[in-house]
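Student: What follows is a structure written as structure tokens; I'll ask about it next.
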Amino acid sequence: MPISLTRTLSAAALSLGLVASAAQAADTIKVGTMAGPETDVMQVAKQVAKEKYGLDVEIVEFTDYVTPNAALADGSLDANAYQHEPYMQSMVNDRGYDFAIAGKTFVYPIGAYSAKYDSIDELPDGATIAVPNDPTNEGRSLILLDKHGLITLDDAENLEATPIDITENPHDYSFKEIEAAQMPRVLQDVDMAFINSTFTQPAGLTLDDALIKEGPDSPYVNLIVVRGGDQDRKEIQELVKAYQSDAVADKAQELFQGGAVAGWK
């Protein structure tokens, strides 16, 4: 065979191989989730995506709220599914990320739990209250305390409120700022802790155990977040459709016992 023809065929074979590899990669997507029941829910979406769309979903688990966004921004992930819009926006503002919302997942109402008291009325003066130390979820907790008349904030609509924004603290509560995922572990060491319902199930808690909690009208619906411009990618849209399925909603109901409300319905 002439050398030129051999080179041409070799180049064509290489080109076809690259196209095949690209096509294979296009049918795979990497998604970040919180370790625990949120990952269990994503596992169902992964199964639906494979069965209905031939899409392979690789799930990467995280245990903090900061790293999944850093991983998305640097291209290590194609999407993440763990945060609501106020938190995402705070990260965009602070770090300059270019993110977009691809779809909604669940509202996970936050509640205040105690291993020592059965009612908010039993909470003593001087109680130690643990609140999440991440942007918006801390404010979310303090706004709930303000709503129940337990403290007064200088702005009850400030989603990024911190304890320094408390103008009246008639019960002399002290506040400990703790990473959200660690809240169940510190529950025994404080009088009350605000825990997202994504973390209550591993601790054997349900939303019914909360002394105070957000109502179903909470604006904090979680999202599937991608880099700007990727929200219309075929694979991303297939992931969203797979997630927003009855099978996923049923799994969330099983795991969270009413602590997860489908945000897309």
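Labeling convention for the structure tokens: chains A, B, ... as they appear, residues from 1 per chain, ligands from 1 in order of appearance.
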Report as JSON lines: every residue of stretch 47-92 of chain A with an atom at most 12 Å from stretch 124-133 of chain A, its closest pair of atoms, and their distance in Å to one decimal, counting only C-alpha atoms, with rows sorted by chain and ascending residue number.

Tutor:
{"residue": "A:Asp64", "atom": "CA", "partner": "A:Asn133", "partner_atom": "CA", "distance": 11.0}
{"residue": "A:Tyr65", "atom": "CA", "partner": "A:Asn133", "partner_atom": "CA", "distance": 10.2}
{"residue": "A:Val66", "atom": "CA", "partner": "A:Asn133", "partner_atom": "CA", "distance": 11.4}
{"residue": "A:Tyr87", "atom": "CA", "partner": "A:Asn133", "partner_atom": "CA", "distance": 11.9}

Student: Taking 2 positions as the minimum chain separation for residues in the same chain, which residues sit within 10 Å of A:Thr33 when counting only C-alpha atoms? Answer as an MDAnalysis selection string.

Tutor: chainID A and resid 31 35:42 59:65 68 79:83 224

Student: A:Ala249: which residues within 12 Å, counting only C-alpha atoms, same-chain residues fewer than 2 positions away excluded, as a ChimeraX atom specification?

Tutor: /A:38,40-42,44-45,105-107,242-247,251-265

Student: Interatomic distance between atom CA of A:Phe199 and atom CA of A:Leu211?

Tutor: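 About the pair atom CA of A:Phe199 and atom CA of A:Leu211: they are 16.1 Å apart.
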
Student: Where does stretch 212-259 of chain A meet stretch 144-161 of chain A within 12 Å, residue by residue, with the nearest atom pair and distance in Å to one decimal for each, counting only C-alpha atoms, listed by chain and rising number, as CSV?

Tutor:
residue,atom,partner,partner_atom,distance
A:Ile212,CA,A:Leu144,CA,7.9
A:Lys213,CA,A:Leu144,CA,7.5
A:Glu214,CA,A:Leu144,CA,7.2
A:Gly215,CA,A:Leu144,CA,10.1
A:Ser218,CA,A:Leu144,CA,10.9
A:Pro219,CA,A:Leu159,CA,11.1
A:Tyr220,CA,A:Leu159,CA,10.6

Student: Output as a list in words all residues of stretch 162-197 of chain A that backbone DSSP marks as strand (DSSP E or B).

Tutor: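 Written out, the strand (DSSP E or B) residues of stretch 162-197 of chain A are Ile166, Thr167, Glu168, Ser174, Phe175, Lys176, Glu177, Ile178, Met192, Ala193, Phe194, Ile195 and Asn196 of chain A.
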